[in-house]
2 protein chains.
Amino acid sequence: MMARTTIDDVAAAAGVSIKTVSRVLNDEPGVRTETRGRVREAIASLSYRPSLPARSLAGKRSNLIGLVYDNPSANYVFDVQSGAMARCRDAHLRLFIQSCNDLGGETVEEVLAMIDQTHVDGLVVTPPLSSDAALISALEERRLPFVRLAPDDTSRGGPCVIMDDEAAAHDMTEHLLDLGHRRIGFVAGHPEHPSSRLRRQGYQAALDAAGVGENQPIEQGFNDTASGYEAGRRLLSASKRPTAIFASNDDMAAGVVQAAHELGIDVPRQLSVAGFDDSQIAAIVWPALTTIRQPAYEMAFAAAGLLIDLVRDRPAPAVTELAYTLVQRGSTAEAP
Amino acid sequence: MMARTTIDDVAAAAGVSIKTVSRVLNDEPGVRTETRGRVREAIASLSYRPSLPARSLAGKRSNLIGLVYDNPSANYVFDVQSGAMARCRDAHLRLFIQSCNDLGGETVEEVLAMIDQTHVDGLVVTPPLSSDAALISALEERRLPFVRLAPDDTSRGGPCVIMDDEAAAHDMTEHLLDLGHRRIGFVAGHPEHPSSRLRRQGYQAALDAAGVGENQPIEQGFNDTASGYEAGRRLLSASKRPTAIFASNDDMAAGVVQAAHELGIDVPRQLSVAGFDDSQIAAIVWPALTTIRQPAYEMAFAAAGLLIDLVRDRPAPAVTELAYTLVQRGSTAEAP
């Protein structure tokens, strides 16, 4: 086994000081582009890989940031992880991913234990943990930098990355109104997710603005396909059947489509169905779902970038809002 | 901020030696059950969280193991991560997750850099990386313990956790034959995944055994829904249309169902469709897919357990095979 490459070797190969190598490693200013390139080349050709434990025990930043989630949606978790990892790779940091699924009341304890054990420099906190008051307080007490994705309240607890769920739901409802629908059912999202309330508000506001906001059929769902199917069965078995159903996420919209298929109701000719999120399944169900593309990857990419700024003592804006897109596919059409 | 709890505090509270606390932390033998319980209680009541960097720089094991993947399937990655994390939690270790997606030729370099930087004690290597000869050689050279999930060749490179893809595909094909189907199309999986070859072999062997192995329509897919849709269009537009199609994974089976819906072919009355994996989408498409449940969570759980044994110098079997299940849902029925 060869001797491990040290920062001295890199400095010697690039003909610069150790301090300059350190500046390049930490993406700090004060190094000319040409010098920076020479240092990066020396790092690559010598396969220099600074030890994160050695860094953190030397009292420096660990160059490791954490991402925590408590979310059963494989698609959302995958997108968020991928976005945060890509940003970390750009900045030459590593990402430690911690699941809090199935932990119940032990979430705060687990996150604090992870912080202590891994020495992460900061945390990206994903929903619904980003609205967990006990966790936010514990992180503030610990004085660890953190950035939250899509929290219910952006007025406290460090920088946030959000999208406007209410405006997006408003737009989707207008899309259905524009297609001539007047009886538009809604499948509400899981009561514990703050986005559920915002999406329902957007739906209601658009109907109110069009003068058809009263007595529209609304059913409670829980963000999974099974609850969407049950809600769809109830909405479609009512005497005054809606001609369109807007579900608060794609998984539930897929359940509504299942219910329609089973009852022999043609989507979209007899029933338009709209979802929210543009997760992988939106393009897999048939007909493919008209939905709101929530930029989960981009939001996590941005959140990791803000956290890196915080960790490196650079300023970060309190609220960063990313744009959504209404994606029109085969599941919505003109009212019958 | 309170002073950090040390191993001495735990030893004092439990009335045992530091060595005994260390044995309990590492799940080593030689500690009585009653003593072990007392130590665990002291660890919990004092919120003792051993620093992983301190451990690894003291020349001990880091109590951190790694999991690497290069796989675009959110469902598979999520299941594998969840299984490995659950096993690590049981053993009081932490899991470092590394994506190699979109790295192209830099995969080996990235994995080695991750090992150097994080000081992981060992690696769980998931498919298709588990069949990457360059990576396996690099890990062997590094003398780092690793366990592979579903590799093409179990004869080299440490313990493996597998399931019998060929037998499972054989069973699924027999299920279709039992339903009276004689013209059974196949959508082959991505050529770079070793399981694709095994699944196709199982399909062919079952047809051969039934005396109908010749001239069956086979189309190439690439494990995603779009390629399954294209393959389905081709199979269903042929003059001699199959009455059943077996796709090498669920994403492609979902694409076949899309093609059938679009062509007005009723699933399952005019066409049976079968998938493989039992990913989340299998129950989301309509009709829900008959498929093979691949125990991805359990395989990763087992692989992490074997790796922990290796790291702790305990013996681990070379090959561990887990059972699959044929899950019958609405997408298959008797031949028309």
# chains A, B, ... in the order shown; residues from 1 in each chain; ligands from 1
>>> interface_residues(of="chain A", to="chain B", cutoff="7 Å", atoms="only C-alpha atoms", output="list in words")
Arg49, Pro50, Ser51, Leu52, Pro53, Ala54, Leu57, Ala74, Asn75, Phe78, Phe96, Ile97, Ala113, Asp116, Gln117, Thr118, Thr225, Ala254, Gln258, Ile281, Ile284, Val285 and Trp286 of chain A
>>> residues_around(residues="Ala13 (chain A)", least_positions_apart="5", cutoff="9 Å", atoms="only C-alpha atoms", output="CSV table (one decimal) with all heavy atoms, in the first residue's frame")
chain,number,residue,atom,x,y,z
A,8,ASP,N,0.6,18.4,1.9
A,8,ASP,CA,2.0,18.9,1.5
A,8,ASP,C,2.4,18.5,0.1
A,8,ASP,O,3.0,19.2,-0.7
A,8,ASP,CB,3.0,18.4,2.5
A,8,ASP,CG,2.7,18.7,3.9
A,8,ASP,OD1,1.8,18.0,4.5
A,8,ASP,OD2,3.2,19.7,4.5
A,38,ARG,N,-4.4,24.8,-11.4
A,38,ARG,CA,-3.2,24.0,-11.2
A,38,ARG,C,-3.4,23.1,-9.9
A,38,ARG,O,-3.0,22.0,-9.9
A,38,ARG,CB,-2.0,24.9,-11.0
A,38,ARG,CG,-0.8,24.4,-11.6
A,38,ARG,CD,0.3,25.4,-11.8
A,38,ARG,NE,0.7,26.1,-10.6
A,38,ARG,CZ,0.7,27.4,-10.4
A,38,ARG,NH1,0.3,28.2,-11.3
A,38,ARG,NH2,1.1,27.9,-9.2
A,39,VAL,N,-4.0,23.7,-8.9
A,39,VAL,CA,-4.2,23.0,-7.6
A,39,VAL,C,-5.1,21.8,-7.8
A,39,VAL,O,-4.9,20.7,-7.4
A,39,VAL,CB,-4.7,23.9,-6.5
A,39,VAL,CG1,-5.1,23.1,-5.2
A,39,VAL,CG2,-3.6,24.9,-6.1
A,42,ALA,N,-3.4,19.0,-9.5
A,42,ALA,CA,-2.5,18.3,-8.6
A,42,ALA,C,-3.3,17.4,-7.7
A,42,ALA,O,-2.9,16.2,-7.5
A,42,ALA,CB,-1.7,19.3,-7.8
A,43,ILE,N,-4.5,17.9,-7.2
A,43,ILE,CA,-5.3,17.0,-6.4
A,43,ILE,C,-5.8,15.8,-7.2
A,43,ILE,O,-5.7,14.7,-6.6
A,43,ILE,CB,-6.6,17.9,-6.0
A,43,ILE,CG1,-6.2,18.9,-4.9
A,43,ILE,CG2,-7.7,17.0,-5.4
A,43,ILE,CD1,-7.2,19.9,-4.6
A,46,LEU,N,-2.8,13.3,-8.0
A,46,LEU,CA,-2.2,12.6,-6.9
A,46,LEU,C,-3.3,11.9,-6.1
A,46,LEU,O,-3.0,11.2,-5.1
A,46,LEU,CB,-1.6,13.6,-5.9
A,46,LEU,CG,-0.3,14.3,-6.4
A,46,LEU,CD1,0.1,15.5,-5.5
A,46,LEU,CD2,0.8,13.3,-6.6
>>> closest_residue(among="A:Ala167, A:Val327, A:Ala188, A:Leu207", to="Gln220 (chain A)", atoms="only C-alpha atoms")
A:Ala188
>>> atom_distance(atom1="CA of Cys160 (chain B)", atom2="CA of Glu174 (chain B)")
28.0 Å
>>> select_by_dssp(residues="region 148-249 of chain A", states="strand (DSSP E)", output="VMD selection string")
chain A and resid 148 to 149 160 to 162 184 to 188 218 to 220 244 to 247
>>> atom_distance(atom1="CA of Arg61 (chain A)", atom2="CA of Leu129 (chain A)")
24.7 Å
>>> closest_residue(among="A:Ala260, A:Val120, A:Leu322, A:Ile265", to="Met299 (chain A)", atoms="only C-alpha atoms")
A:Leu322
>>> residues_around(residues="Ser22 (chain A)", least_positions_apart="5", cutoff="12 Å", atoms="only C-alpha atoms", output="list of chain:residue names")
A:Thr6, A:Ile7, A:Asp8, A:Val10, A:Ala11, A:Val16, A:Ser17, A:Asp27, A:Glu28, A:Pro29, A:Gly30, A:Val31, A:Arg36, A:Val39, A:Arg40, A:Ile43, A:Pro50, A:Arg55, A:Lys60, A:Arg61
>>> atom_distance(atom1="CA of Arg329 (chain A)", atom2="CA of Gly275 (chain A)")
10.6 Å
>>> select_by_dssp(residues="region 87-318 of chain A", states="helix (DSSP H, G or I)", output="MDAnalysis selection string")
chainID A and resid 87:90 104:118 129:131 133:142 165:178 194:209 225:237 250:262 280:283 296:311
>>> closest_residue(among="A:Asp313, A:Ala247, A:Tyr324, A:Gly15", to="Pro145 (chain A)", atoms="only C-alpha atoms")
A:Asp313
>>> residues_around(residues="Leu271 (chain B)", least_positions_apart="2", cutoff="10 Å", atoms="only C-alpha atoms", output="list in words")
His181, Ile184, Leu236, Arg241, Pro242, Thr243, Ala244, Ile245, Val257, Ala260, Ile265, Asp266, Val267, Pro268, Arg269, Val273, Ser331, Thr332, Ala333, Glu334, Ala335 and Pro336 of chain B
>>> residues_around(residues="Gln294 (chain B)", least_positions_apart="4", cutoff="12 Å", atoms="only C-alpha atoms", output="ChimeraX atom specification")
/B:75-76,79-80,150,162-165,168-169,195,249-250,275-280,282,298-300,321-327
>>> decode(residues="region 275-290 of chain A", atoms="C-alpha atoms", output="PDB file, in the first residue's frame")
ATOM      1  CA  GLY A 275     -52.612  15.451  -9.689  1.00  0.00           C
ATOM      2  CA  PHE A 276     -49.792  17.360  -8.014  1.00  0.00           C
ATOM      3  CA  ASP A 277     -45.984  16.747  -7.772  1.00  0.00           C
ATOM      4  CA  ASP A 278     -45.140  15.258 -11.189  1.00  0.00           C
ATOM      5  CA  SER A 279     -43.553  12.241  -9.523  1.00  0.00           C
ATOM      6  CA  GLN A 280     -42.367   9.331 -11.676  1.00  0.00           C
ATOM      7  CA  ILE A 281     -45.780   7.676 -11.515  1.00  0.00           C
ATOM      8  CA  ALA A 282     -47.515  10.635 -13.178  1.00  0.00           C
ATOM      9  CA  ALA A 283     -46.178   9.479 -16.545  1.00  0.00           C
ATOM     10  CA  ILE A 284     -46.658   5.773 -15.762  1.00  0.00           C
ATOM     11  CA  VAL A 285     -50.405   5.634 -15.080  1.00  0.00           C
ATOM     12  CA  TRP A 286     -52.762   5.660 -18.051  1.00  0.00           C
ATOM     13  CA  PRO A 287     -53.830   8.135 -19.169  1.00  0.00           C
ATOM     14  CA  ALA A 288     -50.741  10.024 -17.994  1.00  0.00           C
ATOM     15  CA  LEU A 289     -51.557  12.655 -15.372  1.00  0.00           C
ATOM     16  CA  THR A 290     -51.917  16.375 -15.838  1.00  0.00           C
TER      17      THR A 290
END
